[in-house]
>>> print(open('entry.cif').read())   # mmCIF, N, CA and C atoms
data_structure
#
loop_
_atom_site.label_atom_id
_atom_site.label_comp_id
_atom_site.auth_asym_id
_atom_site.auth_seq_id
_atom_site.Cartn_x
_atom_site.Cartn_y
_atom_site.Cartn_z
N MET U 1 -1.57 16.60 -23.31
CA MET U 1 -1.22 17.40 -22.15
C MET U 1 -1.25 16.51 -20.90
N ALA U 2 -0.31 16.70 -20.02
CA ALA U 2 -0.22 15.90 -18.81
C ALA U 2 -0.52 16.76 -17.59
N LEU U 3 -1.04 16.12 -16.57
CA LEU U 3 -1.34 16.77 -15.31
C LEU U 3 -0.28 16.33 -14.31
N LEU U 4 0.37 17.27 -13.64
CA LEU U 4 1.38 16.98 -12.65
C LEU U 4 0.87 17.44 -11.29
N PHE U 5 0.90 16.54 -10.31
CA PHE U 5 0.44 16.91 -8.97
C PHE U 5 1.21 16.15 -7.92
N GLN U 6 1.22 16.69 -6.71
CA GLN U 6 1.88 16.03 -5.60
C GLN U 6 0.83 15.19 -4.87
N LEU U 7 1.13 13.91 -4.71
CA LEU U 7 0.19 12.98 -4.09
C LEU U 7 0.04 13.28 -2.60
N VAL U 8 -1.21 13.38 -2.16
CA VAL U 8 -1.52 13.57 -0.74
C VAL U 8 -2.10 12.29 -0.15
N SER U 9 -3.01 11.62 -0.88
CA SER U 9 -3.58 10.38 -0.38
C SER U 9 -4.05 9.51 -1.53
N ALA U 10 -4.24 8.23 -1.20
CA ALA U 10 -4.76 7.26 -2.17
C ALA U 10 -5.69 6.32 -1.40
N ASP U 11 -6.84 6.05 -2.00
CA ASP U 11 -7.75 5.09 -1.38
C ASP U 11 -8.56 4.38 -2.46
N ALA U 12 -9.21 3.29 -2.05
CA ALA U 12 -10.03 2.51 -2.97
C ALA U 12 -11.48 2.96 -2.83
N VAL U 13 -12.13 3.19 -3.95
CA VAL U 13 -13.54 3.59 -3.95
C VAL U 13 -14.27 2.83 -5.04
N ALA U 14 -15.56 2.63 -4.87
CA ALA U 14 -16.44 2.09 -5.91
C ALA U 14 -15.85 0.93 -6.68
N GLY U 15 -15.73 -0.20 -6.01
CA GLY U 15 -15.22 -1.39 -6.69
C GLY U 15 -13.72 -1.32 -6.88
N ALA U 16 -13.27 -1.51 -8.11
CA ALA U 16 -11.84 -1.54 -8.40
C ALA U 16 -11.35 -0.20 -8.92
N THR U 17 -11.67 0.87 -8.22
CA THR U 17 -11.23 2.21 -8.59
C THR U 17 -10.32 2.75 -7.49
N VAL U 18 -9.18 3.29 -7.91
CA VAL U 18 -8.26 3.93 -6.97
C VAL U 18 -8.41 5.43 -7.13
N ARG U 19 -8.60 6.12 -6.00
CA ARG U 19 -8.71 7.58 -6.03
C ARG U 19 -7.42 8.17 -5.47
N LEU U 20 -6.77 9.00 -6.30
CA LEU U 20 -5.57 9.71 -5.89
C LEU U 20 -5.94 11.18 -5.69
N THR U 21 -5.56 11.75 -4.56
CA THR U 21 -5.81 13.17 -4.33
C THR U 21 -4.49 13.86 -4.08
N GLY U 22 -4.44 15.13 -4.45
CA GLY U 22 -3.21 15.87 -4.28
C GLY U 22 -3.37 17.33 -4.63
N ARG U 23 -2.23 17.99 -4.81
CA ARG U 23 -2.19 19.41 -5.15
C ARG U 23 -1.28 19.63 -6.34
N ALA U 24 -1.75 20.43 -7.29
CA ALA U 24 -0.93 20.83 -8.42
C ALA U 24 0.06 21.90 -7.95
N ALA U 25 1.06 22.19 -8.76
CA ALA U 25 2.09 23.16 -8.40
C ALA U 25 1.49 24.53 -8.09
N GLY U 26 0.38 24.87 -8.74
CA GLY U 26 -0.28 26.16 -8.52
C GLY U 26 -1.19 26.18 -7.30
N GLY U 27 -1.28 25.05 -6.57
CA GLY U 27 -2.10 24.98 -5.37
C GLY U 27 -3.50 24.43 -5.59
N GLN U 28 -3.88 24.13 -6.82
CA GLN U 28 -5.21 23.60 -7.10
C GLN U 28 -5.33 22.17 -6.58
N SER U 29 -6.51 21.86 -6.06
CA SER U 29 -6.79 20.49 -5.63
C SER U 29 -6.95 19.60 -6.84
N VAL U 30 -6.48 18.38 -6.73
CA VAL U 30 -6.55 17.42 -7.82
C VAL U 30 -7.13 16.10 -7.30
N VAL U 31 -8.08 15.54 -8.05
CA VAL U 31 -8.60 14.21 -7.77
C VAL U 31 -8.53 13.42 -9.06
N VAL U 32 -7.87 12.26 -9.00
CA VAL U 32 -7.74 11.38 -10.17
C VAL U 32 -8.32 10.03 -9.79
N ARG U 33 -9.20 9.53 -10.63
CA ARG U 33 -9.77 8.18 -10.43
C ARG U 33 -9.16 7.25 -11.47
N VAL U 34 -8.57 6.16 -10.99
CA VAL U 34 -7.89 5.21 -11.86
C VAL U 34 -8.71 3.92 -11.90
N THR U 35 -9.04 3.47 -13.10
CA THR U 35 -9.76 2.21 -13.28
C THR U 35 -8.88 1.26 -14.09
N GLY U 36 -9.26 0.01 -14.13
CA GLY U 36 -8.53 -0.95 -14.95
C GLY U 36 -7.47 -1.74 -14.20
N PHE U 37 -7.16 -1.35 -12.97
CA PHE U 37 -6.20 -2.09 -12.16
C PHE U 37 -6.98 -3.12 -11.35
N ARG U 38 -6.51 -4.34 -11.31
CA ARG U 38 -7.24 -5.41 -10.63
C ARG U 38 -6.49 -5.89 -9.38
N PRO U 39 -7.23 -6.21 -8.33
CA PRO U 39 -6.61 -6.76 -7.12
C PRO U 39 -6.08 -8.17 -7.39
N TYR U 40 -4.98 -8.51 -6.74
CA TYR U 40 -4.42 -9.84 -6.92
C TYR U 40 -3.61 -10.25 -5.69
N PHE U 41 -3.32 -11.54 -5.64
CA PHE U 41 -2.42 -12.10 -4.64
C PHE U 41 -1.76 -13.32 -5.27
N PHE U 42 -0.88 -13.96 -4.52
CA PHE U 42 -0.13 -15.09 -5.06
C PHE U 42 -0.44 -16.38 -4.30
N VAL U 43 -0.34 -17.50 -5.02
CA VAL U 43 -0.48 -18.82 -4.40
C VAL U 43 0.71 -19.68 -4.82
N SER U 44 1.02 -20.64 -3.95
CA SER U 44 2.10 -21.57 -4.24
C SER U 44 1.83 -22.86 -3.47
N PRO U 45 2.20 -24.01 -3.94
CA PRO U 45 2.89 -24.22 -5.23
C PRO U 45 1.89 -24.16 -6.39
N TYR U 46 2.32 -23.60 -7.49
CA TYR U 46 1.48 -23.51 -8.68
C TYR U 46 2.14 -24.34 -9.76
N THR U 47 1.43 -25.30 -10.30
CA THR U 47 2.00 -26.21 -11.29
C THR U 47 1.55 -25.89 -12.70
N GLY U 48 0.84 -24.81 -12.86
CA GLY U 48 0.34 -24.43 -14.18
C GLY U 48 -1.03 -25.03 -14.44
N GLY U 49 -1.59 -24.68 -15.56
CA GLY U 49 -2.89 -25.22 -15.93
C GLY U 49 -4.03 -24.53 -15.23
N ALA U 50 -5.21 -25.06 -15.45
CA ALA U 50 -6.43 -24.46 -14.91
C ALA U 50 -6.57 -24.77 -13.42
N VAL U 51 -6.89 -23.75 -12.66
CA VAL U 51 -7.15 -23.87 -11.23
C VAL U 51 -8.45 -23.12 -10.97
N ALA U 52 -9.38 -23.77 -10.29
CA ALA U 52 -10.67 -23.13 -9.98
C ALA U 52 -10.62 -22.56 -8.57
N ILE U 53 -10.52 -21.25 -8.47
CA ILE U 53 -10.53 -20.56 -7.19
C ILE U 53 -11.75 -19.64 -7.18
N ASP U 54 -12.62 -19.82 -6.19
CA ASP U 54 -13.84 -19.02 -6.10
C ASP U 54 -13.50 -17.53 -6.15
N ARG U 55 -14.31 -16.77 -6.88
CA ARG U 55 -14.24 -15.31 -7.00
C ARG U 55 -13.01 -14.81 -7.76
N ALA U 56 -12.20 -15.70 -8.30
CA ALA U 56 -11.03 -15.29 -9.08
C ALA U 56 -11.41 -15.18 -10.55
N THR U 57 -10.90 -14.15 -11.23
CA THR U 57 -11.15 -14.01 -12.66
C THR U 57 -10.07 -14.69 -13.48
N SER U 58 -8.87 -14.86 -12.92
CA SER U 58 -7.81 -15.59 -13.62
C SER U 58 -6.75 -16.05 -12.63
N VAL U 59 -6.08 -17.13 -13.00
CA VAL U 59 -4.92 -17.65 -12.26
C VAL U 59 -3.87 -17.98 -13.31
N ARG U 60 -2.70 -17.38 -13.18
CA ARG U 60 -1.63 -17.64 -14.14
C ARG U 60 -0.30 -17.60 -13.43
N GLU U 61 0.69 -18.19 -14.06
CA GLU U 61 2.01 -18.20 -13.44
C GLU U 61 2.61 -16.80 -13.47
N ASP U 62 3.30 -16.45 -12.39
CA ASP U 62 3.95 -15.15 -12.31
C ASP U 62 5.41 -15.37 -11.92
N ALA U 63 6.30 -15.16 -12.86
CA ALA U 63 7.73 -15.38 -12.64
C ALA U 63 8.40 -14.22 -11.93
N SER U 64 7.66 -13.14 -11.67
CA SER U 64 8.29 -11.94 -11.08
C SER U 64 8.32 -11.98 -9.56
N VAL U 65 7.77 -13.02 -8.95
CA VAL U 65 7.72 -13.10 -7.49
C VAL U 65 9.10 -13.38 -6.94
N ALA U 66 9.53 -12.55 -6.00
CA ALA U 66 10.82 -12.74 -5.33
C ALA U 66 10.55 -12.89 -3.84
N LEU U 67 10.96 -13.99 -3.29
CA LEU U 67 10.76 -14.23 -1.87
C LEU U 67 11.82 -13.50 -1.06
N GLY U 68 11.52 -13.30 0.21
CA GLY U 68 12.46 -12.64 1.11
C GLY U 68 13.71 -13.47 1.37
N MET U 69 14.62 -12.91 2.12
CA MET U 69 15.91 -13.54 2.38
C MET U 69 15.79 -14.92 3.03
N ASP U 70 14.75 -15.16 3.82
CA ASP U 70 14.63 -16.45 4.47
C ASP U 70 14.33 -17.58 3.48
N HIS U 71 14.00 -17.22 2.23
CA HIS U 71 13.74 -18.21 1.19
C HIS U 71 14.67 -17.99 0.00
N PHE U 72 15.91 -17.63 0.26
CA PHE U 72 16.83 -17.19 -0.80
C PHE U 72 16.96 -18.19 -1.93
N ASN U 73 17.06 -19.47 -1.62
CA ASN U 73 17.25 -20.48 -2.66
C ASN U 73 15.97 -21.24 -2.98
N ASP U 74 14.84 -20.67 -2.67
CA ASP U 74 13.55 -21.33 -2.89
C ASP U 74 13.16 -21.23 -4.36
N ALA U 75 12.86 -22.35 -4.98
CA ALA U 75 12.54 -22.37 -6.40
C ALA U 75 11.06 -22.64 -6.66
N ARG U 76 10.19 -22.27 -5.72
CA ARG U 76 8.75 -22.50 -5.91
C ARG U 76 8.20 -21.69 -7.08
N ARG U 77 7.17 -22.24 -7.70
CA ARG U 77 6.45 -21.50 -8.74
C ARG U 77 5.23 -20.87 -8.10
N PHE U 78 4.93 -19.66 -8.50
CA PHE U 78 3.80 -18.93 -7.94
C PHE U 78 2.75 -18.66 -9.00
N GLY U 79 1.49 -18.73 -8.59
CA GLY U 79 0.38 -18.35 -9.45
C GLY U 79 -0.14 -17.00 -8.97
N ARG U 80 -0.46 -16.16 -9.92
CA ARG U 80 -1.05 -14.85 -9.61
C ARG U 80 -2.56 -14.99 -9.76
N VAL U 81 -3.28 -14.76 -8.67
CA VAL U 81 -4.73 -14.89 -8.65
C VAL U 81 -5.32 -13.48 -8.73
N GLU U 82 -6.02 -13.20 -9.82
CA GLU U 82 -6.65 -11.89 -9.99
C GLU U 82 -8.14 -11.98 -9.72
N CYS U 83 -8.67 -10.91 -9.12
CA CYS U 83 -10.09 -10.82 -8.82
C CYS U 83 -10.67 -9.59 -9.51
N LYS U 84 -11.98 -9.54 -9.62
CA LYS U 84 -12.65 -8.40 -10.26
C LYS U 84 -12.60 -7.17 -9.37
N GLU U 85 -12.86 -7.35 -8.07
CA GLU U 85 -12.91 -6.23 -7.13
C GLU U 85 -12.20 -6.61 -5.84
N PRO U 86 -11.75 -5.62 -5.07
CA PRO U 86 -11.08 -5.92 -3.81
C PRO U 86 -11.94 -6.75 -2.85
N ARG U 87 -13.24 -6.56 -2.88
CA ARG U 87 -14.11 -7.31 -1.96
C ARG U 87 -14.14 -8.81 -2.28
N ASP U 88 -13.66 -9.22 -3.45
CA ASP U 88 -13.62 -10.63 -3.83
C ASP U 88 -12.40 -11.36 -3.27
N VAL U 89 -11.40 -10.61 -2.84
CA VAL U 89 -10.14 -11.22 -2.41
C VAL U 89 -10.30 -12.14 -1.19
N PRO U 90 -11.02 -11.75 -0.13
CA PRO U 90 -11.13 -12.67 1.01
C PRO U 90 -11.72 -14.05 0.65
N ALA U 91 -12.75 -14.07 -0.18
CA ALA U 91 -13.35 -15.35 -0.58
C ALA U 91 -12.38 -16.15 -1.45
N ALA U 92 -11.68 -15.48 -2.34
CA ALA U 92 -10.70 -16.16 -3.20
C ALA U 92 -9.54 -16.70 -2.35
N ARG U 93 -9.12 -15.91 -1.40
CA ARG U 93 -8.05 -16.35 -0.50
C ARG U 93 -8.47 -17.61 0.27
N ALA U 94 -9.67 -17.59 0.82
CA ALA U 94 -10.18 -18.74 1.58
C ALA U 94 -10.29 -19.97 0.67
N SER U 95 -10.75 -19.80 -0.55
CA SER U 95 -10.88 -20.89 -1.50
C SER U 95 -9.51 -21.49 -1.83
N ALA U 96 -8.53 -20.63 -2.05
CA ALA U 96 -7.18 -21.10 -2.36
C ALA U 96 -6.58 -21.85 -1.18
N ALA U 97 -6.74 -21.30 0.02
CA ALA U 97 -6.20 -21.95 1.22
C ALA U 97 -6.87 -23.31 1.46
N ALA U 98 -8.18 -23.39 1.19
CA ALA U 98 -8.92 -24.65 1.38
C ALA U 98 -8.43 -25.73 0.42
N GLN U 99 -7.86 -25.30 -0.71
CA GLN U 99 -7.33 -26.26 -1.70
C GLN U 99 -5.87 -26.62 -1.41
N GLY U 100 -5.32 -26.09 -0.33
CA GLY U 100 -3.96 -26.44 0.06
C GLY U 100 -2.88 -25.52 -0.46
N PHE U 101 -3.25 -24.43 -1.10
CA PHE U 101 -2.24 -23.48 -1.57
C PHE U 101 -1.74 -22.63 -0.42
N GLY U 102 -0.48 -22.26 -0.47
CA GLY U 102 0.04 -21.22 0.40
C GLY U 102 -0.42 -19.90 -0.21
N VAL U 103 -0.87 -18.97 0.60
CA VAL U 103 -1.39 -17.69 0.10
C VAL U 103 -0.45 -16.58 0.52
N TYR U 104 -0.07 -15.72 -0.43
CA TYR U 104 0.89 -14.66 -0.18
C TYR U 104 0.35 -13.32 -0.66
N GLU U 105 0.56 -12.31 0.14
CA GLU U 105 0.23 -10.91 -0.18
C GLU U 105 -1.26 -10.66 -0.42
N ALA U 106 -2.11 -11.47 0.18
CA ALA U 106 -3.55 -11.27 0.03
C ALA U 106 -4.06 -10.16 0.95
N ASP U 107 -3.25 -9.74 1.91
CA ASP U 107 -3.68 -8.71 2.86
C ASP U 107 -3.20 -7.31 2.50
N VAL U 108 -2.54 -7.16 1.37
CA VAL U 108 -2.07 -5.83 0.96
C VAL U 108 -3.28 -5.02 0.50
N PRO U 109 -3.56 -3.88 1.14
CA PRO U 109 -4.72 -3.08 0.73
C PRO U 109 -4.62 -2.69 -0.75
N PHE U 110 -5.77 -2.65 -1.41
CA PHE U 110 -5.83 -2.42 -2.86
C PHE U 110 -5.12 -1.15 -3.31
N ALA U 111 -5.38 -0.03 -2.66
CA ALA U 111 -4.74 1.23 -3.06
C ALA U 111 -3.23 1.18 -2.87
N LEU U 112 -2.78 0.54 -1.79
CA LEU U 112 -1.35 0.40 -1.55
C LEU U 112 -0.71 -0.49 -2.61
N ARG U 113 -1.39 -1.57 -2.99
CA ARG U 113 -0.89 -2.44 -4.06
C ARG U 113 -0.71 -1.65 -5.34
N PHE U 114 -1.67 -0.78 -5.67
CA PHE U 114 -1.57 0.05 -6.87
C PHE U 114 -0.33 0.95 -6.80
N LEU U 115 -0.15 1.62 -5.67
CA LEU U 115 1.01 2.53 -5.52
C LEU U 115 2.32 1.77 -5.65
N ILE U 116 2.42 0.61 -5.03
CA ILE U 116 3.64 -0.19 -5.10
C ILE U 116 3.92 -0.61 -6.53
N ASP U 117 2.91 -1.16 -7.21
CA ASP U 117 3.10 -1.65 -8.58
C ASP U 117 3.46 -0.54 -9.55
N LYS U 118 2.95 0.66 -9.32
CA LYS U 118 3.22 1.78 -10.21
C LYS U 118 4.45 2.59 -9.79
N GLY U 119 5.06 2.20 -8.67
CA GLY U 119 6.28 2.90 -8.21
C GLY U 119 6.00 4.30 -7.69
N ILE U 120 4.82 4.52 -7.15
CA ILE U 120 4.45 5.85 -6.64
C ILE U 120 4.67 5.87 -5.13
N GLU U 121 5.47 6.80 -4.68
CA GLU U 121 5.75 6.95 -3.25
C GLU U 121 4.91 8.08 -2.68
N GLY U 122 4.66 8.04 -1.37
CA GLY U 122 3.90 9.09 -0.71
C GLY U 122 4.54 10.46 -0.90
N ALA U 123 3.72 11.47 -1.11
CA ALA U 123 4.14 12.86 -1.31
C ALA U 123 5.00 13.07 -2.54
N SER U 124 5.04 12.07 -3.45
CA SER U 124 5.82 12.25 -4.66
C SER U 124 4.99 12.98 -5.71
N TRP U 125 5.66 13.44 -6.74
CA TRP U 125 4.97 14.10 -7.85
C TRP U 125 4.54 13.04 -8.84
N VAL U 126 3.28 13.12 -9.25
CA VAL U 126 2.69 12.13 -10.13
C VAL U 126 2.27 12.83 -11.42
N ARG U 127 2.59 12.21 -12.55
CA ARG U 127 2.19 12.76 -13.85
C ARG U 127 1.20 11.80 -14.49
N VAL U 128 0.03 12.33 -14.86
CA VAL U 128 -1.00 11.52 -15.52
C VAL U 128 -1.44 12.23 -16.79
N ALA U 129 -1.87 11.42 -17.76
CA ALA U 129 -2.41 12.02 -18.99
C ALA U 129 -3.72 12.69 -18.66
N ALA U 130 -3.88 13.92 -19.14
CA ALA U 130 -5.11 14.67 -18.85
C ALA U 130 -6.16 14.40 -19.89
#
>>> encode(input="entry.cif", output="C-alpha cells")
Amino acid sequence: MALLFQLVSADAVAGATVRLTGRAAGGQSVVVRVTGFRPYFFVSPYTGGAVAIDRATSVREDASVALGMDHFNDARRFGRVECKEPRDVPAARASAAAQGFGVYEADVPFALRFLIDKGIEGASWVRVAA
C-alpha cells in the first residue's frame, strides 16, 4: 500500500534524516522521515583513485555532472564527495579546498538536495511506500 500526500515542507532533522510534511487527499496531516540519503558535493579536477578528504565517507568519480553554459565545452572530471551527515560537509569542503580542489554545490542545503535528486517539487503530490 502506498501513501499519497501533497508536500508542504521539507527539512533536515537528526543527522542525515529528511522530514517531509504534508496533507493527504482526505486532509490528514502526514509526516514522513527519510533515512539513507547522504549529503554530498563535487570536487574537480578529479583524477580517480584514493583521495583523503577529512569527514568524507567516500570519494568517487561522477560522470553525471553537467556544468552550466559558461563551461559548455569543459571536459573536467568530477569527484563526488559523500559525508555521513550534513554537519560534516563544511569540514570536508575546507579539506578539499585546502588540497587545491575546486568545490562545487557544497552549499546546497541537505533537504533541498534530497528534493532535487528525487525530482520532488514544492506542493507536488508525493507517493511513498507505507
>>> closest_atom_pairs(input="entry.cif", of="region 13-46 of chain U", to="region 96-100 of chain U", cutoff="12 Å", atoms="only C-alpha atoms", output="JSON lines")
{"residue": "U:Phe41", "atom": "CA", "partner": "U:Ala96", "partner_atom": "CA", "distance": 10.4}
{"residue": "U:Phe42", "atom": "CA", "partner": "U:Ala96", "partner_atom": "CA", "distance": 9.6}
{"residue": "U:Val43", "atom": "CA", "partner": "U:Ala96", "partner_atom": "CA", "distance": 7.4}
{"residue": "U:Ser44", "atom": "CA", "partner": "U:Gly100", "partner_atom": "CA", "distance": 8.9}
{"residue": "U:Pro45", "atom": "CA", "partner": "U:Gly100", "partner_atom": "CA", "distance": 8.9}
{"residue": "U:Tyr46", "atom": "CA", "partner": "U:Gly100", "partner_atom": "CA", "distance": 10.7}
>>> resolve_selection(input="entry.cif", expression="the PyMOL selection byres ((chain U and resi 33) around 6)", output="list in words")
Val18, Arg19, Leu20, Val31, Val32, Val34 and Thr35 of chain U
>>> resolve_selection(input="entry.cif", expression="the PyMOL selection byres ((chain U and resi 79) around 8)", output="compact mmCIF listing (two decimals) with N, CA and C atoms, in the frame of the given file")
# COMPACT_ATOMS: atom_id res chain seq x y z
N PHE U 41 -3.32 -11.54 -5.64
CA PHE U 41 -2.42 -12.10 -4.64
C PHE U 41 -1.76 -13.32 -5.27
N PHE U 42 -0.88 -13.96 -4.52
CA PHE U 42 -0.13 -15.09 -5.06
C PHE U 42 -0.44 -16.38 -4.30
N VAL U 43 -0.34 -17.50 -5.02
CA VAL U 43 -0.48 -18.82 -4.40
C VAL U 43 0.71 -19.68 -4.82
N SER U 44 1.02 -20.64 -3.95
CA SER U 44 2.10 -21.57 -4.24
C SER U 44 1.83 -22.86 -3.47
N PRO U 45 2.20 -24.01 -3.94
CA PRO U 45 2.89 -24.22 -5.23
C PRO U 45 1.89 -24.16 -6.39
N TYR U 46 2.32 -23.60 -7.49
CA TYR U 46 1.48 -23.51 -8.68
C TYR U 46 2.14 -24.34 -9.76
N THR U 47 1.43 -25.30 -10.30
CA THR U 47 2.00 -26.21 -11.29
C THR U 47 1.55 -25.89 -12.70
N GLY U 48 0.84 -24.81 -12.86
CA GLY U 48 0.34 -24.43 -14.18
C GLY U 48 -1.03 -25.03 -14.44
N SER U 58 -8.87 -14.86 -12.92
CA SER U 58 -7.81 -15.59 -13.62
C SER U 58 -6.75 -16.05 -12.63
N VAL U 59 -6.08 -17.13 -13.00
CA VAL U 59 -4.92 -17.65 -12.26
C VAL U 59 -3.87 -17.98 -13.31
N ARG U 60 -2.70 -17.38 -13.18
CA ARG U 60 -1.63 -17.64 -14.14
C ARG U 60 -0.30 -17.60 -13.43
N GLU U 61 0.69 -18.19 -14.06
CA GLU U 61 2.01 -18.20 -13.44
C GLU U 61 2.61 -16.80 -13.47
N ASP U 62 3.30 -16.45 -12.39
CA ASP U 62 3.95 -15.15 -12.31
C ASP U 62 5.41 -15.37 -11.92
N ALA U 63 6.30 -15.16 -12.86
CA ALA U 63 7.73 -15.38 -12.64
C ALA U 63 8.40 -14.22 -11.93
N ARG U 76 10.19 -22.27 -5.72
CA ARG U 76 8.75 -22.50 -5.91
C ARG U 76 8.20 -21.69 -7.08
N ARG U 77 7.17 -22.24 -7.70
CA ARG U 77 6.45 -21.50 -8.74
C ARG U 77 5.23 -20.87 -8.10
N PHE U 78 4.93 -19.66 -8.50
CA PHE U 78 3.80 -18.93 -7.94
C PHE U 78 2.75 -18.66 -9.00
N ARG U 80 -0.46 -16.16 -9.92
CA ARG U 80 -1.05 -14.85 -9.61
C ARG U 80 -2.56 -14.99 -9.76
N VAL U 81 -3.28 -14.76 -8.67
CA VAL U 81 -4.73 -14.89 -8.65
C VAL U 81 -5.32 -13.48 -8.73
N GLU U 82 -6.02 -13.20 -9.82
CA GLU U 82 -6.65 -11.89 -9.99
C GLU U 82 -8.14 -11.98 -9.72
>>> axis_aligned_box(input="entry.cif", around="region 46-50 of chain U", padding_each_side="8 Å", output="AutoDock Vina command-line options")
--center_x -2.1 --center_y -24.9 --center_z -11.7 --size_x 24.9 --size_y 18.7 --size_z 24.4
>>> resolve_selection(input="entry.cif", expression="the PyMOL selection byres ((chain U and resi 85) around 6.5)", output="PyMOL selection string")
chain U and resi 15-16+38-39+83-84+86-89
>>> write_last_selection(input="entry.cif", atoms="N, CA and C atoms", output="CSV table (one decimal), keeping the file's coordinate frame")
chain,number,residue,atom,x,y,z
U,15,GLY,N,-15.7,-0.2,-6.0
U,15,GLY,CA,-15.2,-1.4,-6.7
U,15,GLY,C,-13.7,-1.3,-6.9
U,16,ALA,N,-13.3,-1.5,-8.1
U,16,ALA,CA,-11.8,-1.5,-8.4
U,16,ALA,C,-11.4,-0.2,-8.9
U,38,ARG,N,-6.5,-4.3,-11.3
U,38,ARG,CA,-7.2,-5.4,-10.6
U,38,ARG,C,-6.5,-5.9,-9.4
U,39,PRO,N,-7.2,-6.2,-8.3
U,39,PRO,CA,-6.6,-6.8,-7.1
U,39,PRO,C,-6.1,-8.2,-7.4
U,83,CYS,N,-8.7,-10.9,-9.1
U,83,CYS,CA,-10.1,-10.8,-8.8
U,83,CYS,C,-10.7,-9.6,-9.5
U,84,LYS,N,-12.0,-9.5,-9.6
U,84,LYS,CA,-12.6,-8.4,-10.3
U,84,LYS,C,-12.6,-7.2,-9.4
U,86,PRO,N,-11.8,-5.6,-5.1
U,86,PRO,CA,-11.1,-5.9,-3.8
U,86,PRO,C,-11.9,-6.8,-2.8
U,87,ARG,N,-13.2,-6.6,-2.9
U,87,ARG,CA,-14.1,-7.3,-2.0
U,87,ARG,C,-14.1,-8.8,-2.3
U,88,ASP,N,-13.7,-9.2,-3.4
U,88,ASP,CA,-13.6,-10.6,-3.8
U,88,ASP,C,-12.4,-11.4,-3.3
U,89,VAL,N,-11.4,-10.6,-2.8
U,89,VAL,CA,-10.1,-11.2,-2.4
U,89,VAL,C,-10.3,-12.1,-1.2
>>> residues_around(input="entry.cif", residues="Val8 (chain U)", least_positions_apart="2", cutoff="12 Å", atoms="only C-alpha atoms", output="list in words")
Phe5, Gln6, Ala10, Asp11, Arg19, Leu20, Thr21, Gly22, Arg23, Ala24, Ser29, Val30, Val31, Val32, Ile120, Glu121, Gly122, Ala123, Ser124, Trp125 and Val126 of chain U
>>> atom_distance(input="entry.cif", atom1="atom C of Phe110 (chain U)", atom2="CA of Ala12 (chain U)")
6.1 Å
>>> closest_residue(input="entry.cif", among="U:Asp54, U:Val128, U:Val108, U:Lys118", to="Ala94 (chain U)", atoms="all atoms listed in the file")
U:Asp54
>>> atom_distance(input="entry.cif", atom1="CA of Gly102 (chain U)", atom2="CA of Pro90 (chain U)")
14.1 Å
>>> select_by_dssp(input="entry.cif", residues="region 67-117 of chain U", states="strand (DSSP E)", output="count of residues only")
8
>>> residues_around(input="entry.cif", residues="Leu3 (chain U)", least_positions_apart="5", cutoff="5 Å", atoms="all atoms listed in the file", output="PyMOL selection string")
chain U and resi 127-130
>>> write_last_selection(input="entry.cif", atoms="N, CA and C atoms", output="short mmCIF file (atom, residue, chain, number, x, y, z; two decimals), keeping the file's coordinate frame")
data_model
loop_
_atom_site.label_atom_id
_atom_site.label_comp_id
_atom_site.auth_asym_id
_atom_site.auth_seq_id
_atom_site.Cartn_x
_atom_site.Cartn_y
_atom_site.Cartn_z
N ARG U 127 2.59 12.21 -12.55
CA ARG U 127 2.19 12.76 -13.85
C ARG U 127 1.20 11.80 -14.49
N VAL U 128 0.03 12.33 -14.86
CA VAL U 128 -1.00 11.52 -15.52
C VAL U 128 -1.44 12.23 -16.79
N ALA U 129 -1.87 11.42 -17.76
CA ALA U 129 -2.41 12.02 -18.99
C ALA U 129 -3.72 12.69 -18.66
N ALA U 130 -3.88 13.92 -19.14
CA ALA U 130 -5.11 14.67 -18.85
C ALA U 130 -6.16 14.40 -19.89
#
>>> atom_distance(input="entry.cif", atom1="atom N of Arg93 (chain U)", atom2="atom N of Gly119 (chain U)")
24.1 Å
>>> closest_residue(input="entry.cif", among="U:Ala111, U:Ala92, U:Ile116, U:Met1", to="Val13 (chain U)", atoms="only N, CA and C atoms")
U:Ala111
